[in-house]
Every structure is written in C-alpha cells, then in structure tokens.
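Q: Please find one structure pasted underneath; my questions will follow.
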Amino acid sequence: MKAIASLAHYAHHVLDDAEIAGLPNRYRGKVRDNYDLPDGRRILIATDRISAFDRPLAAIPFKGQVLTQTARFWFERTADLCPNHVLDYPDPNVVVGRRLAILPVEIVVRGYLAGTTSTSILTRYQRGERAMYGHRLPDGLRPNERLAEPIITPTTKAADGAHDEPLTAAAILEQGLLTAAQWRTVSEAALALFARGQALAAERGLILADTKYEFGTDPEGRIVLADEVHTPDSSRYWFAASYPERFAAGAAPESFDKDYIRSWVAARCDPYRDPIPEIPRAVVLEAAAVYIRAYETITGETFVLPDPAERPLDRIRDNLARYLRDGATGGAR
C-alpha cells in the first residue's frame with residue numbers, strides 16, 4: 001500500500017469535474033459524469049468526488065480510478081456468469097458501455113447479519129424483526145454472524161434524494177417491477193456473482209460480506225450487469241484473519257474504512273444542518289490511501305502512481321479523442 005508520505009504530491013491530483021466539450025448528452029451524477037453517444041454507447045467517467053449526507057464533501061485523489069479498475073477486475077472475472085455492459089476502457093477512470101434501460105430494483109445479496117442503514121438486516125433484526133425481504137431469520141443470531149446461506153434483500157431503486165424501500169419477490173411481481181422471468185434471471189445471476197466474489201475474495205484473505213448489483217436490459221431485451229461490481233463502495237469487505245477473534249469478542253470486523261471522510265465530518269458537525277468544515281489535506285490523503293489499499297488487497301495488483309504533474313482531465317480528454325469524433329458525427333463503432 002502507498003504510504004501517506006508518498007501521496008503528498010497528489011493532494012491536488014484530483015478529478016472533481018469531467019466536463020468535456022464535444023461529448024454529447026452529459027448527465028452529472030453524484031460521482032460519475034456520463035455522456036450518451038448517438039449510437040447507443042454511454043461514456044461513464046468516474047470522478048474523485050465523494051458525497052454523503054445529500055451533499056458533496058470532497059475530492060479524493062485516485063478514488064475514481066480505484067473504483068473503475070476494481071470493477072474492471074471483477075467484470076473480467078465474472079463475464080462467464082452474466083453479460084455486462086462494458087465495451088471499452090479507454091482511460092483508467094473511464095468505462096464505455098452499452099446504454100441500458102436500468103431495472104427499477106436494486107439487488108442486494110447478504111451473506112452475514114450486518115449493516116447500519118434502516119434497510120439493513122442487522123438494523124431490522126435488532127428491532128425484533130425476523131421476517132424481512134421474504135425471508136425468515138432464526139432467533140439467536142449475533143451481529144456480523146454468517147447466515148446459513150446468502151440471501152437476496154431487494155430494494156426499490158430510489159431517485160436522487162429519496163430512500164430505497166425494502167421489497168420482497170412477491171411484491172416485485174405484484175407491482176410489475178419485474179416479470180417472473182426477469183426476477184428469476186437477476187436472482188440466479190446475483191447469487192452466482194456473489195459466490196464467485198466470495199471465493200475470489202477468500203483467496204485474497206477477505207470476506208465479501210454483502211454487495212449490491214444493478215441490472216438493465218439492452219435493446220434486445222437481454223438482462224445485463226451494469227454500473228459497478230464488487231468495489232469497496234458497493235460491497236462490504238472484512239479481513240478474514242481477524243474475523244473469528246473479533247466476532248467472538250463482539251467487536252466489529254476489521255474492514256476498509258470507506259467511510260473515513262464521512263466519519264470525520266460527522267464527528268465535527270451535524271452534516272445535514274451545519275456548514276461542512278474544511279477537510280484537512282492529511283485526512284484527504286488518508287482516504288486516498290484507504291482506497292489504494294482496497295484496490296491492491298482486492299485485486300492483488302500494484303497501484304502505480306502517475307506523474308504528479310499530469311492533470312487527470314487532460315489525460316482523459318486525450319484518451320477520449322476518438323469518442324469526441326464519434327460524438328460529433330454520430331459515427332458507430
């Protein structure tokens with residue numbers, strides 16, 4: 001893992017905006033800047049923005065690259081299980097994919113009784129619930145305990161600013177969110193992807209505790225894996241070596257602290273009401289180191305630092321030159 005000292009020259013090496021003149025149909029999300037080309041391709045540029053509490057917080061050097069390249073690692077190792085949206089990786093921060101009609105259900109797979117949000121199975125279990133998401137959990141489970149088998153806990157895919165709502169398979173079909181065939185396909189794909197993820201994570205000394213998947217349909221109606229897969233932002237990873245001892249002691253499992261910035265802010269203000277204090281450079285660099293550590297641990301590959309004088313947006317523009325031409329002319333691949 002890259003030490004904080006080695007990252008000192010990269011405090012300003014961030015991609016906080018990816019506006020590129022000449023690319024059409026821009027949509028600026030919380031983290032990604034997306035462009036839709038006339039021929040059905042979508043360019044997704046992962047910026048270094050990090051947001052929480054319904055507002056932007058900071059830009060973390062290399063965050064976008066880590067997420068894009070971690071997802072690439074997993075897309076390439078799961079393509080035999082489920083088709084995915086990827087067509088090209090023209091830049092470390094960029095994936096070009098098929099434009100899909102995203103299905104209105106988020107597929108969350110959980111292998112452990114964990115989580116902190118209102119929709120997590122641990123939160124609901126601690127409130128006394130045992131029937132949830134169409135499953136019934138037994139009494140006597142402890143926080144972070146492994147489930148008898150992985151379960152799917154689907155939620156609605158809420159619009160920006162709204163909250164995801166729990167679903168069951170029956171509700172999904174009754175509400176017409178998915179057809180029976182679509183639900184069967186995404187369920188089988190999600191469980192297969194999770195099993196592959198857990199197996200490969202175990203080889204790296206990690207436990208893949210839970211994750212979320214997003215699926216869409218292509219113009220032919222085929223269900224395709226979209227967005228990202230098994231990244232530290234979409235998944236909960238724990239370190240396997242320390243899990244037994246920490247579980248026995250009732251302590252939280254050791255994990256990548258992907259909420260490093262969020263926790264720093266929440267400890268200093270009410271982030272939903274107060275102005276966000278300036279986040280020190282050391283905190284930003286620590287968060288960058290956490291992301292790099294996650295990439296190197298999950299993939300087993302070394303994260304190579306670029307020339308600190310290189311501006312990420314300049315590099316991306318250069319690498320997207322041919323897509324600029326396609327965007328202007330409507331040319332197909």
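Residues are named by chain letter and number: chains run A, B, ... in the order of the structure tokens, numbers start at 1 in each chain, and ligands are numbered from 1 in the order shown.
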Could you give me, as a Markdown table, a per-residue list for range 88-113 of chain A showing, wherever an atom lies at most 9 Å from an atom of range 226-230 of chain A, the closest pair of atoms and their distance in Å to one decimal, using only C-alpha atoms and sorting by chain then residue number from low to high?

A:
| residue | atom | partner | partner_atom | distance |
| --- | --- | --- | --- | --- |
| A:Gly97 | CA | A:Ala226 | CA | 8.5 |
| A:Arg98 | CA | A:Ala226 | CA | 8.9 |
| A:Leu100 | CA | A:Ala226 | CA | 8.0 |
| A:Ile102 | CA | A:Ala226 | CA | 8.1 |

Q: Please produce, as a Markdown table, a per-residue contact table for range 152-248 of chain A versus range 284-298 of chain A (criterion: any atom at most 12 Å away, only C-alpha atoms considered), showing the nearest atom pair and its distance in Å to one decimal, sorted by chain then residue number.

A:
| residue | atom | partner | partner_atom | distance |
| --- | --- | --- | --- | --- |
| A:Gly197 | CA | A:Ile298 | CA | 10.2 |
| A:Gln198 | CA | A:Ile298 | CA | 11.1 |
| A:Ala199 | CA | A:Ile298 | CA | 11.8 |
| A:Leu200 | CA | A:Ile298 | CA | 8.7 |
| A:Ala201 | CA | A:Ile298 | CA | 6.7 |
| A:Ala202 | CA | A:Ile298 | CA | 9.6 |
| A:Glu203 | CA | A:Ile298 | CA | 9.4 |
| A:Arg204 | CA | A:Ile298 | CA | 6.4 |
| A:Gly205 | CA | A:Thr297 | CA | 8.3 |
| A:Leu206 | CA | A:Ile298 | CA | 7.7 |
| A:Ile207 | CA | A:Ile298 | CA | 10.3 |
| A:Leu208 | CA | A:Ile298 | CA | 10.1 |
| A:His230 | CA | A:Ile298 | CA | 9.2 |
| A:Thr231 | CA | A:Tyr295 | CA | 8.4 |
| A:Pro232 | CA | A:Ala294 | CA | 6.8 |
| A:Asp233 | CA | A:Tyr291 | CA | 9.4 |
| A:Ser235 | CA | A:Ala294 | CA | 11.3 |
| A:Arg236 | CA | A:Ala294 | CA | 11.2 |
| A:Tyr237 | CA | A:Ile298 | CA | 9.0 |
| A:Trp238 | CA | A:Ala294 | CA | 10.7 |
| A:Phe239 | CA | A:Thr297 | CA | 9.9 |

Q: Using only C-alpha atoms for the distances, tell me which of A:Ala131, A:Ala282, A:Ile45, A:Ala248 is nearest to Ala8 in chain A.

A: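 Checking each of A:Ala131, A:Ala282, A:Ile45, A:Ala248 against Ala8 in chain A, counting only C-alpha atoms, the winner is A:Ala282.
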
Q: Set the distance at 12 Å and use only C-alpha atoms: which residues neighbour Asp17 in chain A once local chain neighbours fewer than 2 positions away are removed? I'd like the list as a PyMOL selection string.

A: chain A and resi 14-15+19-20+26-34+45-50+58-59+64+311-314+316

Q: Convert the current residue selection to file output with C-alpha atoms, as an mmCIF file, in the first residue's frame.

A:
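Produced file result-v4.cif, reproduced below:
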data_model
loop_
_atom_site.group_PDB
_atom_site.id
_atom_site.type_symbol
_atom_site.label_atom_id
_atom_site.label_comp_id
_atom_site.auth_asym_id
_atom_site.auth_seq_id
_atom_site.Cartn_x
_atom_site.Cartn_y
_atom_site.Cartn_z
ATOM 1 C CA VAL A 14 -7.958 15.113 -8.389
ATOM 2 C CA LEU A 15 -10.708 14.831 -10.933
ATOM 3 C CA GLU A 19 -16.942 18.246 -18.320
ATOM 4 C CA ILE A 20 -15.575 17.613 -21.809
ATOM 5 C CA ARG A 26 -23.998 14.999 -20.433
ATOM 6 C CA TYR A 27 -25.507 13.892 -17.151
ATOM 7 C CA ARG A 28 -23.631 14.829 -13.979
ATOM 8 C CA GLY A 29 -24.278 12.379 -11.190
ATOM 9 C CA LYS A 30 -23.013 12.451 -7.629
ATOM 10 C CA VAL A 31 -19.835 10.617 -8.595
ATOM 11 C CA ARG A 32 -19.847 9.975 -12.355
ATOM 12 C CA ASP A 33 -20.133 12.245 -15.351
ATOM 13 C CA ASN A 34 -21.947 10.374 -18.132
ATOM 14 C CA ILE A 45 -16.238 8.898 -16.219
ATOM 15 C CA ALA A 46 -15.653 8.146 -12.543
ATOM 16 C CA THR A 47 -14.587 11.354 -10.840
ATOM 17 C CA ASP A 48 -12.900 11.609 -7.458
ATOM 18 C CA ARG A 49 -15.946 13.260 -5.882
ATOM 19 C CA ILE A 50 -17.241 11.829 -2.648
ATOM 20 C CA ALA A 58 -14.501 16.407 -1.054
ATOM 21 C CA ALA A 59 -12.486 15.000 -3.927
ATOM 22 C CA GLY A 64 -12.433 7.250 -9.414
ATOM 23 C CA ARG A 311 -3.658 16.549 -14.980
ATOM 24 C CA PRO A 312 -6.238 13.752 -14.949
ATOM 25 C CA LEU A 313 -8.751 15.657 -17.072
ATOM 26 C CA ASP A 314 -6.133 16.383 -19.752
ATOM 27 C CA ILE A 316 -8.916 11.709 -20.148
#

Q: Leaving out Gly221 in chain A and any residue of its chain fewer than 4 positions from it, which residues lie within 10 Å of it when counting only C-alpha atoms, given as a PyMOL selection string?

A: chain A and resi 100-101+182+216-217

Q: Give me, as a ChimeraX atom specification, the residues of range 55-268 of chain A that a backbone DSSP run labels strand (DSSP E).

A: /A:55-59,86-91,94-98,101-102,105-112,131-132,135-136,146-152,155-156,206-217,223-226,235-239

Q: Please run DSSP on the backbone and report, as an NGL selection string, all residues within range 38-280 of chain A that come out as alpha helix (DSSP H).

A: :A and (63-78 or 121-126 or 169-174 or 180-203 or 243-248 or 260-266)

Q: What is the distance, in Å and to one decimal place, between CA of His13 in chain A and CA of Ala71 in chain A?

A: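 It comes out at 21.5 Å.
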
Q: Using only C-alpha atoms, which of the listed residues (A:Tyr213, A:Gly115, A:Pro61, A:Ala249) sits closest to Leu7 in chain A?

A: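 Nearest candidate to Leu7 in chain A out of A:Tyr213, A:Gly115, A:Pro61, A:Ala249: A:Pro61.
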
Q: Which range 175-294 of chain A residues have any atom within 12 Å of an atom of range 140-158 of chain A, and for each, what is the nearest pair of atoms with distance in Å to one decimal, counting only C-alpha atoms, rows sorted by chain and number, as CSV?

A:
residue,atom,partner,partner_atom,distance
A:Gln175,CA,A:Thr156,CA,11.1
A:Leu177,CA,A:Thr156,CA,9.0
A:Leu178,CA,A:Thr156,CA,11.3
A:Trp183,CA,A:Pro154,CA,10.5
A:Arg184,CA,A:Ile152,CA,11.8
A:Val186,CA,A:Ile152,CA,10.3
A:Ser187,CA,A:Ile152,CA,7.5
A:Glu188,CA,A:Ile152,CA,10.1
A:Ala189,CA,A:Ile152,CA,11.2
A:Ala190,CA,A:Ile152,CA,8.2
A:Leu191,CA,A:Pro150,CA,7.6
A:Ala192,CA,A:Pro150,CA,10.5
A:Leu193,CA,A:Pro150,CA,11.5
A:Phe194,CA,A:Pro150,CA,8.4
A:Ala195,CA,A:Pro150,CA,8.7
A:Gln198,CA,A:Pro150,CA,10.5
A:Ile207,CA,A:Arg146,CA,10.4
A:Leu208,CA,A:Pro150,CA,10.9
A:Ala209,CA,A:Arg146,CA,8.3
A:Asp210,CA,A:Pro150,CA,8.7
A:Thr211,CA,A:Ile152,CA,9.9
A:Lys212,CA,A:Pro154,CA,9.0
A:Tyr213,CA,A:Pro154,CA,9.7
A:Glu214,CA,A:Lys157,CA,9.2
A:Phe215,CA,A:Lys157,CA,11.0
A:Arg236,CA,A:Asn144,CA,11.2
A:Tyr237,CA,A:Asn144,CA,11.8
A:Trp238,CA,A:Asn144,CA,10.3
A:Tyr243,CA,A:Asn144,CA,9.4
A:Pro244,CA,A:Glu145,CA,10.0
A:Arg246,CA,A:Asn144,CA,9.9
A:Phe247,CA,A:Asn144,CA,7.2
A:Ala248,CA,A:Arg142,CA,9.8
A:Ala249,CA,A:Pro143,CA,11.1
A:Gly250,CA,A:Pro143,CA,7.7
A:Ala251,CA,A:Pro143,CA,9.0
A:Ala252,CA,A:Asn144,CA,7.5
A:Pro253,CA,A:Asn144,CA,7.6
A:Glu254,CA,A:Asn144,CA,11.2

Q: Atoms to include: N, CA, C and O atoms. Write the selected residues as a compact mmCIF listing (two decimals), in the first residue's frame.

A:
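And here is the file that came out, part-v7.txt:
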# COMPACT_ATOMS: atom_id res chain seq x y z
N GLN A 175 -46.24 -5.73 -8.13
CA GLN A 175 -46.18 -4.34 -8.57
C GLN A 175 -45.73 -4.21 -10.02
O GLN A 175 -45.69 -3.10 -10.56
N LEU A 177 -42.78 -4.63 -11.20
CA LEU A 177 -41.45 -4.04 -11.33
C LEU A 177 -40.57 -4.89 -12.24
O LEU A 177 -39.78 -4.36 -13.03
N LEU A 178 -40.70 -6.21 -12.13
CA LEU A 178 -40.01 -7.15 -13.00
C LEU A 178 -41.00 -8.26 -13.36
O LEU A 178 -41.93 -8.55 -12.61
N TRP A 183 -37.08 -11.64 -12.83
CA TRP A 183 -36.71 -11.85 -11.43
C TRP A 183 -35.89 -13.13 -11.29
O TRP A 183 -34.88 -13.14 -10.57
N ARG A 184 -36.29 -14.19 -11.98
CA ARG A 184 -35.53 -15.43 -11.91
C ARG A 184 -34.11 -15.22 -12.46
O ARG A 184 -33.13 -15.68 -11.86
N VAL A 186 -32.26 -12.34 -12.73
CA VAL A 186 -31.39 -11.49 -11.90
C VAL A 186 -31.08 -12.18 -10.58
O VAL A 186 -29.96 -12.03 -10.04
N SER A 187 -32.02 -12.94 -10.03
CA SER A 187 -31.75 -13.66 -8.78
C SER A 187 -30.65 -14.69 -8.96
O SER A 187 -29.70 -14.77 -8.15
N GLU A 188 -30.78 -15.49 -10.00
CA GLU A 188 -29.76 -16.52 -10.25
C GLU A 188 -28.41 -15.89 -10.55
O GLU A 188 -27.37 -16.36 -10.07
N ALA A 189 -28.40 -14.82 -11.34
CA ALA A 189 -27.14 -14.15 -11.67
C ALA A 189 -26.51 -13.55 -10.42
O ALA A 189 -25.29 -13.68 -10.21
N ALA A 190 -27.30 -12.90 -9.58
CA ALA A 190 -26.76 -12.25 -8.39
C ALA A 190 -26.14 -13.26 -7.44
O ALA A 190 -25.04 -13.04 -6.89
N LEU A 191 -26.79 -14.38 -7.22
CA LEU A 191 -26.24 -15.39 -6.32
C LEU A 191 -24.98 -16.02 -6.90
O LEU A 191 -24.02 -16.31 -6.16
N ALA A 192 -24.94 -16.22 -8.20
CA ALA A 192 -23.74 -16.76 -8.83
C ALA A 192 -22.59 -15.76 -8.75
O ALA A 192 -21.44 -16.14 -8.47
N LEU A 193 -22.87 -14.49 -9.00
CA LEU A 193 -21.84 -13.46 -8.90
C LEU A 193 -21.30 -13.36 -7.48
O LEU A 193 -20.09 -13.22 -7.27
N PHE A 194 -22.20 -13.43 -6.51
CA PHE A 194 -21.78 -13.32 -5.11
C PHE A 194 -20.91 -14.52 -4.71
O PHE A 194 -19.90 -14.35 -4.02
N ALA A 195 -21.29 -15.71 -5.16
CA ALA A 195 -20.49 -16.89 -4.85
C ALA A 195 -19.09 -16.78 -5.44
O ALA A 195 -18.09 -17.11 -4.79
N GLN A 198 -17.19 -14.15 -3.37
CA GLN A 198 -16.74 -14.66 -2.08
C GLN A 198 -15.54 -15.59 -2.24
O GLN A 198 -14.58 -15.53 -1.45
N ILE A 207 -13.26 -11.42 3.32
CA ILE A 207 -14.63 -11.91 3.35
C ILE A 207 -15.49 -10.89 2.62
O ILE A 207 -15.49 -9.70 2.97
N LEU A 208 -16.19 -11.32 1.58
CA LEU A 208 -17.18 -10.47 0.94
C LEU A 208 -18.48 -10.70 1.69
O LEU A 208 -19.15 -11.71 1.51
N ALA A 209 -18.83 -9.75 2.55
CA ALA A 209 -19.98 -9.94 3.45
C ALA A 209 -21.30 -9.64 2.75
O ALA A 209 -22.29 -10.34 2.98
N ASP A 210 -21.34 -8.59 1.95
CA ASP A 210 -22.54 -8.27 1.20
C ASP A 210 -22.18 -7.33 0.06
O ASP A 210 -21.09 -6.75 0.04
N THR A 211 -23.10 -7.18 -0.86
CA THR A 211 -22.85 -6.33 -2.03
C THR A 211 -24.17 -6.00 -2.69
O THR A 211 -25.21 -6.58 -2.36
N LYS A 212 -24.13 -5.04 -3.62
CA LYS A 212 -25.34 -4.73 -4.39
C LYS A 212 -25.02 -4.80 -5.87
O LYS A 212 -23.90 -4.53 -6.31
N TYR A 213 -26.03 -5.17 -6.64
CA TYR A 213 -25.90 -5.28 -8.08
C TYR A 213 -27.00 -4.46 -8.75
O TYR A 213 -28.11 -4.33 -8.22
N GLU A 214 -26.65 -3.94 -9.90
CA GLU A 214 -27.62 -3.21 -10.71
C GLU A 214 -27.66 -3.87 -12.08
O GLU A 214 -26.62 -4.13 -12.69
N PHE A 215 -28.86 -4.12 -12.56
CA PHE A 215 -29.04 -4.76 -13.85
C PHE A 215 -29.89 -3.87 -14.75
O PHE A 215 -30.70 -3.06 -14.29
N ARG A 236 -19.27 -4.76 1.10
CA ARG A 236 -18.68 -4.76 2.44
C ARG A 236 -17.64 -5.88 2.50
O ARG A 236 -17.98 -7.06 2.37
N TYR A 237 -16.38 -5.50 2.64
CA TYR A 237 -15.28 -6.46 2.76
C TYR A 237 -14.75 -6.45 4.20
O TYR A 237 -14.57 -5.40 4.80
N TRP A 238 -14.47 -7.65 4.71
CA TRP A 238 -13.83 -7.79 6.00
C TRP A 238 -12.54 -8.59 5.84
O TRP A 238 -12.39 -9.38 4.90
N TYR A 243 -11.35 -11.91 11.64
CA TYR A 243 -12.79 -12.02 11.85
C TYR A 243 -13.16 -12.94 13.02
O TYR A 243 -13.98 -12.55 13.87
N PRO A 244 -12.63 -14.17 13.12
CA PRO A 244 -13.08 -15.05 14.20
C PRO A 244 -12.88 -14.45 15.59
O PRO A 244 -13.79 -14.51 16.43
N ARG A 246 -12.48 -11.26 16.47
CA ARG A 246 -13.29 -10.07 16.69
C ARG A 246 -14.77 -10.45 16.84
O ARG A 246 -15.49 -9.85 17.65
N PHE A 247 -15.23 -11.42 16.08
CA PHE A 247 -16.62 -11.86 16.23
C PHE A 247 -16.85 -12.46 17.61
O PHE A 247 -17.86 -12.17 18.27
N ALA A 248 -15.91 -13.29 18.07
CA ALA A 248 -16.05 -13.90 19.39
C ALA A 248 -16.09 -12.85 20.49
O ALA A 248 -16.78 -13.02 21.52
N ALA A 249 -15.37 -11.74 20.29
CA ALA A 249 -15.31 -10.68 21.29
C ALA A 249 -16.47 -9.69 21.15
O ALA A 249 -16.58 -8.75 21.95
N GLY A 250 -17.29 -9.87 20.13
CA GLY A 250 -18.39 -8.94 19.92
C GLY A 250 -17.96 -7.62 19.30
O GLY A 250 -18.70 -6.63 19.36
N ALA A 251 -16.77 -7.61 18.70
CA ALA A 251 -16.24 -6.39 18.08
C ALA A 251 -16.59 -6.38 16.60
O ALA A 251 -16.80 -7.42 15.97
N ALA A 252 -16.63 -5.17 16.06
CA ALA A 252 -16.91 -5.04 14.62
C ALA A 252 -15.76 -5.64 13.82
O ALA A 252 -14.59 -5.51 14.19
N PRO A 253 -16.06 -6.30 12.70
CA PRO A 253 -14.99 -6.87 11.88
C PRO A 253 -14.07 -5.77 11.34
O PRO A 253 -14.48 -4.63 11.13
N GLU A 254 -12.83 -6.14 11.13
CA GLU A 254 -11.85 -5.22 10.53
C GLU A 254 -12.17 -5.08 9.05
O GLU A 254 -12.36 -6.07 8.35

Q: CA of Arg315 in chain A to CA of Val96 in chain A: how many Å, to one decimal?

A: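 Separating CA of Arg315 in chain A from CA of Val96 in chain A is a distance of 15.9 Å.
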
Q: List as a ChimeraX atom specification the protein and nucleic acid residues near Leu57 in chain A, meaning an atom at most 12 Å away when only C-alpha atoms are counted, but skip any in the same chain fewer than 5 places from it.

A: /A:16,30-31,48-52,259-266,271-272,275-280,284

Q: Those residues with C-alpha atoms, as an mmCIF file, in the first residue's frame please?

A:
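Written output follows (result-v9.cif):
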data_model
loop_
_atom_site.group_PDB
_atom_site.id
_atom_site.type_symbol
_atom_site.label_atom_id
_atom_site.label_comp_id
_atom_site.auth_asym_id
_atom_site.auth_seq_id
_atom_site.Cartn_x
_atom_site.Cartn_y
_atom_site.Cartn_z
ATOM 1 C CA ASP A 16 -13.554 16.784 -9.379
ATOM 2 C CA LYS A 30 -23.013 12.451 -7.629
ATOM 3 C CA VAL A 31 -19.835 10.617 -8.595
ATOM 4 C CA ASP A 48 -12.900 11.609 -7.458
ATOM 5 C CA ARG A 49 -15.946 13.260 -5.882
ATOM 6 C CA ILE A 50 -17.241 11.829 -2.648
ATOM 7 C CA SER A 51 -20.673 12.751 -1.354
ATOM 8 C CA ALA A 52 -22.665 11.901 1.732
ATOM 9 C CA ASP A 259 -16.431 5.979 5.406
ATOM 10 C CA TYR A 260 -13.256 7.715 6.572
ATOM 11 C CA ILE A 261 -14.292 11.163 5.280
ATOM 12 C CA ARG A 262 -17.916 10.694 6.286
ATOM 13 C CA SER A 263 -16.921 9.755 9.838
ATOM 14 C CA TRP A 264 -14.542 12.719 10.120
ATOM 15 C CA VAL A 265 -17.279 15.148 9.096
ATOM 16 C CA ALA A 266 -19.990 13.583 11.275
ATOM 17 C CA PRO A 271 -23.778 17.285 8.452
ATOM 18 C CA TYR A 272 -27.433 17.602 7.493
ATOM 19 C CA PRO A 275 -21.775 24.009 7.151
ATOM 20 C CA ILE A 276 -19.197 21.332 6.357
ATOM 21 C CA PRO A 277 -15.840 22.232 7.918
ATOM 22 C CA GLU A 278 -12.791 22.349 5.693
ATOM 23 C CA ILE A 279 -11.361 18.853 5.455
ATOM 24 C CA PRO A 280 -7.578 18.845 6.105
ATOM 25 C CA VAL A 284 -7.999 13.549 2.276
#
